[in-house]
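What follows is data.cif (mmCIF, C-alpha atoms and all ligand atoms).
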data_input
loop_
_atom_site.group_PDB
_atom_site.id
_atom_site.type_symbol
_atom_site.label_atom_id
_atom_site.label_comp_id
_atom_site.auth_asym_id
_atom_site.auth_seq_id
_atom_site.Cartn_x
_atom_site.Cartn_y
_atom_site.Cartn_z
ATOM 1 C CA MET A 655 97.569 99.429 101.949
ATOM 2 C CA PRO A 656 97.864 102.180 99.294
ATOM 3 C CA GLU A 657 96.112 105.426 100.109
ATOM 4 C CA THR A 658 92.945 106.107 98.101
ATOM 5 C CA ILE A 659 93.694 108.705 95.487
ATOM 6 C CA THR A 660 91.177 111.039 93.846
ATOM 7 C CA VAL A 661 90.866 111.419 90.070
ATOM 8 C CA ALA A 662 92.045 115.027 90.376
ATOM 9 C CA GLN A 663 95.180 113.970 92.300
ATOM 10 C CA ALA A 664 95.959 111.104 89.913
ATOM 11 C CA HIS A 665 95.508 113.403 86.922
ATOM 12 C CA GLU A 666 97.641 116.131 88.487
ATOM 13 C CA ALA A 667 100.432 113.593 89.048
ATOM 14 C CA LEU A 668 100.482 112.908 85.279
ATOM 15 C CA VAL A 669 100.581 116.530 84.069
ATOM 16 C CA ASP A 670 104.386 116.573 83.555
ATOM 17 C CA ASP A 671 104.229 113.189 81.887
ATOM 18 C CA HIS A 672 101.560 114.366 79.438
ATOM 19 C CA ARG A 673 103.593 117.506 78.714
ATOM 20 C CA ARG A 674 106.676 115.409 77.991
ATOM 21 C CA LEU A 675 104.680 113.183 75.626
ATOM 22 C CA HIS A 676 103.401 116.238 73.738
ATOM 23 C CA GLY A 677 107.012 117.342 73.297
ATOM 24 C CA LEU A 678 107.985 113.954 71.877
ATOM 25 C CA VAL A 679 105.000 113.936 69.507
ATOM 26 C CA ALA A 680 106.009 117.423 68.293
ATOM 27 C CA ARG A 681 109.513 116.051 67.599
ATOM 28 C CA LEU A 682 107.945 113.264 65.497
ATOM 29 C CA GLY A 683 106.728 115.929 63.081
ATOM 30 C CA GLU A 684 110.182 117.536 62.937
ATOM 31 C CA ALA A 685 112.154 114.358 62.126
ATOM 32 C CA GLY A 686 113.794 114.939 58.750
ATOM 33 C CA ASP A 687 114.758 111.374 57.863
ATOM 34 C CA ALA A 688 114.103 107.763 58.855
ATOM 35 C CA ALA A 689 117.059 107.616 61.285
ATOM 36 C CA ALA A 690 115.834 110.709 63.176
ATOM 37 C CA LEU A 691 112.312 109.292 63.155
ATOM 38 C CA ALA A 692 113.576 105.978 64.592
ATOM 39 C CA THR A 693 115.332 107.838 67.432
ATOM 40 C CA VAL A 694 112.214 109.809 68.386
ATOM 41 C CA LEU A 695 109.993 106.721 68.068
ATOM 42 C CA GLY A 696 112.367 104.821 70.382
ATOM 43 C CA GLU A 697 112.123 107.575 73.015
ATOM 44 C CA LEU A 698 108.364 107.781 72.528
ATOM 45 C CA HIS A 699 107.964 104.033 72.990
ATOM 46 C CA GLU A 700 109.874 104.123 76.273
ATOM 47 C CA ALA A 701 107.969 107.174 77.538
ATOM 48 C CA LEU A 702 104.581 105.777 76.493
ATOM 49 C CA THR A 703 105.149 102.374 78.064
ATOM 50 C CA ALA A 704 106.045 104.045 81.381
ATOM 51 C CA HIS A 705 103.084 106.443 81.050
ATOM 52 C CA PHE A 706 100.559 103.713 80.307
ATOM 53 C CA ASN A 707 101.848 101.659 83.250
ATOM 54 C CA LEU A 708 101.375 104.641 85.560
ATOM 55 C CA GLU A 709 97.811 105.151 84.333
ATOM 56 C CA GLU A 710 96.889 101.480 84.718
ATOM 57 C CA LYS A 711 98.644 100.668 88.016
ATOM 58 C CA PRO A 712 96.588 100.007 91.165
ATOM 59 C CA GLY A 713 95.890 103.401 92.735
ATOM 60 C CA GLY A 714 96.561 105.146 89.404
ATOM 61 C CA LEU A 715 94.330 107.307 87.223
ATOM 62 C CA TYR A 716 92.290 104.509 85.635
ATOM 63 C CA ASP A 717 91.744 102.900 89.014
ATOM 64 C CA ALA A 718 90.429 106.181 90.405
ATOM 65 C CA LEU A 719 88.239 106.698 87.312
ATOM 66 C CA GLY A 720 86.818 103.162 87.544
ATOM 67 C CA VAL A 721 85.858 103.704 91.166
ATOM 68 C CA CYS A 722 84.004 106.943 90.588
ATOM 69 C CA LEU A 723 82.594 106.279 87.098
ATOM 70 C CA ALA A 724 81.460 102.659 87.363
ATOM 71 C CA GLU A 725 79.188 103.114 84.323
ATOM 72 C CA TYR A 726 82.227 104.066 82.216
ATOM 73 C CA ARG A 727 84.134 100.854 82.796
ATOM 74 C CA VAL A 728 83.619 99.742 79.166
ATOM 75 C CA VAL A 729 85.113 103.040 77.977
ATOM 76 C CA LEU A 730 88.044 102.556 80.371
ATOM 77 C CA GLY A 731 88.559 99.077 78.948
ATOM 78 C CA GLN A 732 88.738 100.601 75.451
ATOM 79 C CA LEU A 733 91.355 103.086 76.669
ATOM 80 C CA VAL A 734 93.446 100.205 78.038
ATOM 81 C CA ASP A 735 93.115 98.466 74.628
ATOM 82 C CA ASP A 736 94.326 101.691 73.004
ATOM 83 C CA HIS A 737 97.447 101.577 75.210
ATOM 84 C CA PHE A 738 98.287 98.120 73.957
ATOM 85 C CA ARG A 739 97.573 99.001 70.327
ATOM 86 C CA ILE A 740 99.389 102.349 70.347
ATOM 87 C CA ALA A 741 102.516 100.969 72.086
ATOM 88 C CA GLY A 742 102.670 98.120 69.537
ATOM 89 C CA HIS A 743 102.217 100.543 66.655
ATOM 90 C CA VAL A 744 105.026 102.821 67.924
ATOM 91 C CA ARG A 745 107.355 99.837 68.340
ATOM 92 C CA ASP A 746 106.628 98.485 64.834
ATOM 93 C CA LEU A 747 107.090 101.886 63.254
ATOM 94 C CA ARG A 748 110.367 102.407 65.150
ATOM 95 C CA ASP A 749 111.643 99.043 63.891
ATOM 96 C CA ARG A 750 110.696 99.887 60.301
ATOM 97 C CA ALA A 751 112.313 103.320 60.544
ATOM 98 C CA ALA A 752 115.477 101.841 62.101
ATOM 99 C CA ALA A 753 115.710 99.233 59.321
ATOM 100 C CA ALA A 754 115.389 101.848 56.581
ATOM 101 C CA HIS A 755 119.181 102.469 56.297
ATOM 102 C CA GLY A 756 118.921 105.789 54.531
ATOM 103 C CA ARG A 757 115.958 104.887 52.342
ATOM 104 C CA GLU A 758 112.518 106.305 53.120
ATOM 105 C CA PRO A 759 110.074 103.418 53.358
ATOM 106 C CA GLU A 760 106.784 104.131 51.660
ATOM 107 C CA GLY A 761 104.301 105.890 53.891
ATOM 108 C CA LEU A 762 106.544 105.985 56.977
ATOM 109 C CA PHE A 763 106.053 109.679 57.709
ATOM 110 C CA ALA A 764 102.325 109.516 56.950
ATOM 111 C CA GLU A 765 102.033 106.655 59.447
ATOM 112 C CA ALA A 766 103.935 108.621 62.073
ATOM 113 C CA LYS A 767 101.458 111.472 61.542
ATOM 114 C CA ARG A 768 98.516 109.077 61.900
ATOM 115 C CA LEU A 769 100.076 107.681 65.064
ATOM 116 C CA ALA A 770 100.292 111.189 66.547
ATOM 117 C CA GLU A 771 96.589 111.651 65.718
ATOM 118 C CA LEU A 772 95.655 108.328 67.364
ATOM 119 C CA LEU A 773 97.517 109.310 70.496
ATOM 120 C CA ALA A 774 95.908 112.769 70.560
ATOM 121 C CA GLU A 775 92.462 111.165 70.138
ATOM 122 C CA HIS A 776 93.200 108.759 72.991
ATOM 123 C CA GLU A 777 94.360 111.542 75.306
ATOM 124 C CA LYS A 778 91.286 113.598 74.405
ATOM 125 C CA ARG A 779 88.931 110.765 75.437
ATOM 126 C CA GLU A 780 90.948 110.240 78.613
ATOM 127 C CA HIS A 781 90.692 113.937 79.487
ATOM 128 C CA GLN A 782 86.934 113.903 78.838
ATOM 129 C CA LEU A 783 86.532 111.127 81.419
ATOM 130 C CA VAL A 784 88.693 113.058 83.879
ATOM 131 C CA ASP A 785 86.523 116.152 83.316
ATOM 132 C CA THR A 786 83.326 114.127 83.855
ATOM 133 C CA ALA A 787 84.715 112.662 87.073
ATOM 134 C CA THR A 788 86.097 115.921 88.475
ATOM 135 C CA ALA A 789 82.812 117.691 87.669
ATOM 136 C CA ARG A 790 81.297 115.192 90.133
ATOM 137 C CA GLY A 791 83.882 116.243 92.701
ATOM 138 C CA ALA A 792 86.043 113.095 92.344
HETATM 139 FE FE FE B 1 96.145 106.716 78.426
HETATM 140 FE FE FE B 2 97.537 109.705 79.264
#

Rewrite the coordinates I just gave you, this time as structure tokens.
Amino acid sequence: MPETITVAQAHEALVDDHRRLHGLVARLGEAGDAAALATVLGELHEALTAHFNLEEKPGGLYDALGVCLAEYRVVLGQLVDDHFRIAGHVRDLRDRAAAAHGREPEGLFAEAKRLAELLAEHEKREHQLVDTATARGA
């Protein structure tokens, strides 16, 4: 049986992962053309899928949060929906960037910027829940 993990431990285990994601998001803003953007989006999609799986797995962060913040289960459900939506958005954008073949599809870079904002918003809400839980000693 897996050991029970606290929110603080589960969050701590994801610190490097979150740092790596921030680095990838920063690279999104530096991509100079569609091909470079497609490369970063491909890496981001892989990293995000692994990250979201870690957060949602039994004994992971969301599990620990759900145990200690039962009244926040709806909010946790919305965060899981975000995972699905954001991963799909990254994949679609990567495919569009990869298919650009030297042309800059309309709005591609603006969408990448919006995607970075969505992800930052998601992480902010996640961190707020972690703060609420750890303030209760979880
Ligand atoms: Fe998340
Ligand atoms: Fe996260």

- Interatomic distance (Å, one decimal) between CA of Asp670 in chain A and CA of Asp736 in chain A: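 One can read the CA of Asp670 in chain A to CA of Asp736 in chain A distance as 20.8 Å.
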
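Comparing A:Val744, A:Leu783, A:Leu682, A:Ala664 by their smallest distance to Val729 in chain A, the closest is A:Leu783 (using all atoms listed in the file).
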
- Message: Once the PyMOL selection byres (((chain A and resi 694) around 9) and not hetatm) is applied to the coordinates I shared, what remains selected? I want it as number ranges by chain.
- Response: A: 678-679, 681-682, 685, 689-693, 695-699, 748

- Task: Give as a list of chain:residue names the residues that the PyMOL selection byres (((chain A and resi 717-722) around 7) and not hetatm) matches when applied to the coordinates above.
- Result: A:Ile659, A:Thr660, A:Val661, A:Glu710, A:Pro712, A:Gly713, A:Gly714, A:Leu715, A:Tyr716, A:Leu723, A:Ala724, A:Arg727, A:Ala787, A:Ala792

- Task: Please extract the residues at most 12 Å from ligand FE 2 (chain B), counting all atoms listed in the file, and provide them as a ChimeraX atom specification, using the chain letters and residue numbers of this document.
- Result: /A:664-676,701-710,714-716,730,733-734,736-737,740,773-784

- The distance between CA of Ala789 in chain A and CA of Gly731 in chain A is 21.3 Å

- Query: Out of A:Gly742, A:Gly761, A:Gly686, A:Gly791, which residue has the shortest atom-to-atom distance to Gln663 in chain A when counting all atoms listed in the file?
  - Reply: A:Gly791

Which centre and which edge lengths, in Å to one decimal, describe the axis-aligned box that holds all listed atoms of range 764-781 of chain A after 6 Å is added on each side, as AutoDock Vina command-line options?
--center_x 96.4 --center_y 110.3 --center_z 68.2 --size_x 27.0 --size_y 19.3 --size_z 34.5

- Query: Counting all atoms listed in the file, which of A:Asp735, A:Glu758, A:Asp746, A:Glu765 gets nearest to ligand FE 1 (chain B)?
  - Reply: A:Asp735

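Put simply, CA of Glu725 in chain A is 11.8 Å away from CA of Thr786 in chain A.
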
- Message: I'd like the contact shell of Ala764 in chain A - 10 Å cut-off, all atoms listed in the file, skipping same-chain residues fewer than 5 positions apart - returned as a ChimeraX atom specification.
- Response: /A:683,769-770

- Query: Using only C-alpha atoms and all ligand atoms, which of the listed residues (A:Ala752, A:Leu762, A:Val728, A:Ala741) sits closest to ligand FE 1 (chain B)?
  - Reply: A:Ala741

- Selected residue, from A:Phe738, A:Thr788, A:Glu700, A:Ala754, that lies nearest to ligand FE 1 (chain B) when counting all atoms listed in the file: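 Among the listed residues, A:Phe738 lies closest to ligand FE 1 (chain B).
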
- Query: In terms of the shortest atom-to-atom distance over only C-alpha atoms and all ligand atoms, which of A:Gln732, A:Ala680, A:Glu771, A:Ala662 is closest to ligand FE 1 (chain B)?
  - Reply: A:Gln732

As a PDB file, in the frame of the given file, the rebuilt range 753-784 of chain A with N, CA and C atoms:
ATOM      1  N   ALA A 753     115.227 100.164  60.346  1.00  0.00           N
ATOM      2  CA  ALA A 753     115.710  99.233  59.321  1.00  0.00           C
ATOM      3  C   ALA A 753     115.807  99.898  57.949  1.00  0.00           C
ATOM      4  N   ALA A 754     115.476 101.194  57.890  1.00  0.00           N
ATOM      5  CA  ALA A 754     115.389 101.848  56.581  1.00  0.00           C
ATOM      6  C   ALA A 754     116.763 102.077  55.950  1.00  0.00           C
ATOM      7  N   HIS A 755     117.807 102.255  56.773  1.00  0.00           N
ATOM      8  CA  HIS A 755     119.181 102.469  56.297  1.00  0.00           C
ATOM      9  C   HIS A 755     119.258 103.508  55.180  1.00  0.00           C
ATOM     10  N   GLY A 756     118.782 104.696  55.495  1.00  0.00           N
ATOM     11  CA  GLY A 756     118.921 105.789  54.531  1.00  0.00           C
ATOM     12  C   GLY A 756     117.813 105.880  53.501  1.00  0.00           C
ATOM     13  N   ARG A 757     117.076 104.808  53.284  1.00  0.00           N
ATOM     14  CA  ARG A 757     115.958 104.887  52.342  1.00  0.00           C
ATOM     15  C   ARG A 757     114.720 105.324  53.123  1.00  0.00           C
ATOM     16  N   GLU A 758     113.758 105.892  52.456  1.00  0.00           N
ATOM     17  CA  GLU A 758     112.518 106.305  53.120  1.00  0.00           C
ATOM     18  C   GLU A 758     111.426 105.307  52.772  1.00  0.00           C
ATOM     19  N   PRO A 759     111.127 104.393  53.668  1.00  0.00           N
ATOM     20  CA  PRO A 759     110.074 103.418  53.358  1.00  0.00           C
ATOM     21  C   PRO A 759     108.758 104.129  53.051  1.00  0.00           C
ATOM     22  N   GLU A 760     108.070 103.590  52.107  1.00  0.00           N
ATOM     23  CA  GLU A 760     106.784 104.131  51.660  1.00  0.00           C
ATOM     24  C   GLU A 760     105.854 104.393  52.843  1.00  0.00           C
ATOM     25  N   GLY A 761     105.348 105.589  52.917  1.00  0.00           N
ATOM     26  CA  GLY A 761     104.301 105.890  53.891  1.00  0.00           C
ATOM     27  C   GLY A 761     104.754 106.020  55.340  1.00  0.00           C
ATOM     28  N   LEU A 762     106.059 105.963  55.587  1.00  0.00           N
ATOM     29  CA  LEU A 762     106.544 105.985  56.977  1.00  0.00           C
ATOM     30  C   LEU A 762     106.142 107.275  57.707  1.00  0.00           C
ATOM     31  N   PHE A 763     106.349 108.399  57.047  1.00  0.00           N
ATOM     32  CA  PHE A 763     106.053 109.679  57.709  1.00  0.00           C
ATOM     33  C   PHE A 763     104.542 109.893  57.846  1.00  0.00           C
ATOM     34  N   ALA A 764     103.785 109.414  56.861  1.00  0.00           N
ATOM     35  CA  ALA A 764     102.325 109.516  56.950  1.00  0.00           C
ATOM     36  C   ALA A 764     101.826 108.671  58.122  1.00  0.00           C
ATOM     37  N   GLU A 765     102.443 107.520  58.326  1.00  0.00           N
ATOM     38  CA  GLU A 765     102.033 106.655  59.447  1.00  0.00           C
ATOM     39  C   GLU A 765     102.393 107.277  60.787  1.00  0.00           C
ATOM     40  N   ALA A 766     103.537 107.943  60.834  1.00  0.00           N
ATOM     41  CA  ALA A 766     103.935 108.621  62.073  1.00  0.00           C
ATOM     42  C   ALA A 766     102.927 109.723  62.405  1.00  0.00           C
ATOM     43  N   LYS A 767     102.447 110.401  61.353  1.00  0.00           N
ATOM     44  CA  LYS A 767     101.458 111.472  61.542  1.00  0.00           C
ATOM     45  C   LYS A 767     100.151 110.872  62.069  1.00  0.00           C
ATOM     46  N   ARG A 768      99.752 109.756  61.488  1.00  0.00           N
ATOM     47  CA  ARG A 768      98.516 109.077  61.900  1.00  0.00           C
ATOM     48  C   ARG A 768      98.635 108.605  63.355  1.00  0.00           C
ATOM     49  N   LEU A 769      99.816 108.133  63.698  1.00  0.00           N
ATOM     50  CA  LEU A 769     100.076 107.681  65.064  1.00  0.00           C
ATOM     51  C   LEU A 769      99.895 108.842  66.059  1.00  0.00           C
ATOM     52  N   ALA A 770     100.425 110.000  65.687  1.00  0.00           N
ATOM     53  CA  ALA A 770     100.292 111.189  66.547  1.00  0.00           C
ATOM     54  C   ALA A 770      98.816 111.526  66.715  1.00  0.00           C
ATOM     55  N   GLU A 771      98.028 111.367  65.646  1.00  0.00           N
ATOM     56  CA  GLU A 771      96.589 111.651  65.718  1.00  0.00           C
ATOM     57  C   GLU A 771      95.874 110.652  66.630  1.00  0.00           C
ATOM     58  N   LEU A 772      96.255 109.365  66.508  1.00  0.00           N
ATOM     59  CA  LEU A 772      95.655 108.328  67.364  1.00  0.00           C
ATOM     60  C   LEU A 772      95.907 108.620  68.830  1.00  0.00           C
ATOM     61  N   LEU A 773      97.139 109.014  69.116  1.00  0.00           N
ATOM     62  CA  LEU A 773      97.517 109.310  70.496  1.00  0.00           C
ATOM     63  C   LEU A 773      96.750 110.539  71.009  1.00  0.00           C
ATOM     64  N   ALA A 774      96.641 111.557  70.168  1.00  0.00           N
ATOM     65  CA  ALA A 774      95.908 112.769  70.560  1.00  0.00           C
ATOM     66  C   ALA A 774      94.441 112.437  70.827  1.00  0.00           C
ATOM     67  N   GLU A 775      93.863 111.589  69.976  1.00  0.00           N
ATOM     68  CA  GLU A 775      92.462 111.165  70.138  1.00  0.00           C
ATOM     69  C   GLU A 775      92.283 110.431  71.474  1.00  0.00           C
ATOM     70  N   HIS A 776      93.234 109.529  71.753  1.00  0.00           N
ATOM     71  CA  HIS A 776      93.200 108.759  72.991  1.00  0.00           C
ATOM     72  C   HIS A 776      93.246 109.704  74.195  1.00  0.00           C
ATOM     73  N   GLU A 777      94.198 110.625  74.172  1.00  0.00           N
ATOM     74  CA  GLU A 777      94.360 111.542  75.306  1.00  0.00           C
ATOM     75  C   GLU A 777      93.114 112.412  75.468  1.00  0.00           C
ATOM     76  N   LYS A 778      92.487 112.775  74.346  1.00  0.00           N
ATOM     77  CA  LYS A 778      91.286 113.598  74.405  1.00  0.00           C
ATOM     78  C   LYS A 778      90.164 112.840  75.136  1.00  0.00           C
ATOM     79  N   ARG A 779      89.983 111.558  74.784  1.00  0.00           N
ATOM     80  CA  ARG A 779      88.931 110.765  75.437  1.00  0.00           C
ATOM     81  C   ARG A 779      89.236 110.583  76.918  1.00  0.00           C
ATOM     82  N   GLU A 780      90.526 110.391  77.217  1.00  0.00           N
ATOM     83  CA  GLU A 780      90.948 110.240  78.613  1.00  0.00           C
ATOM     84  C   GLU A 780      90.621 111.519  79.411  1.00  0.00           C
ATOM     85  N   HIS A 781      90.933 112.669  78.803  1.00  0.00           N
ATOM     86  CA  HIS A 781      90.692 113.937  79.487  1.00  0.00           C
ATOM     87  C   HIS A 781      89.201 114.192  79.670  1.00  0.00           C
ATOM     88  N   GLN A 782      88.389 113.729  78.710  1.00  0.00           N
ATOM     89  CA  GLN A 782      86.934 113.903  78.838  1.00  0.00           C
ATOM     90  C   GLN A 782      86.418 113.132  80.052  1.00  0.00           C
ATOM     91  N   LEU A 783      86.946 111.915  80.245  1.00  0.00           N
ATOM     92  CA  LEU A 783      86.532 111.127  81.419  1.00  0.00           C
ATOM     93  C   LEU A 783      86.968 111.826  82.704  1.00  0.00           C
ATOM     94  N   VAL A 784      88.196 112.349  82.692  1.00  0.00           N
ATOM     95  CA  VAL A 784      88.693 113.058  83.879  1.00  0.00           C
ATOM     96  C   VAL A 784      87.782 114.260  84.166  1.00  0.00           C
TER      97      VAL A 784
END
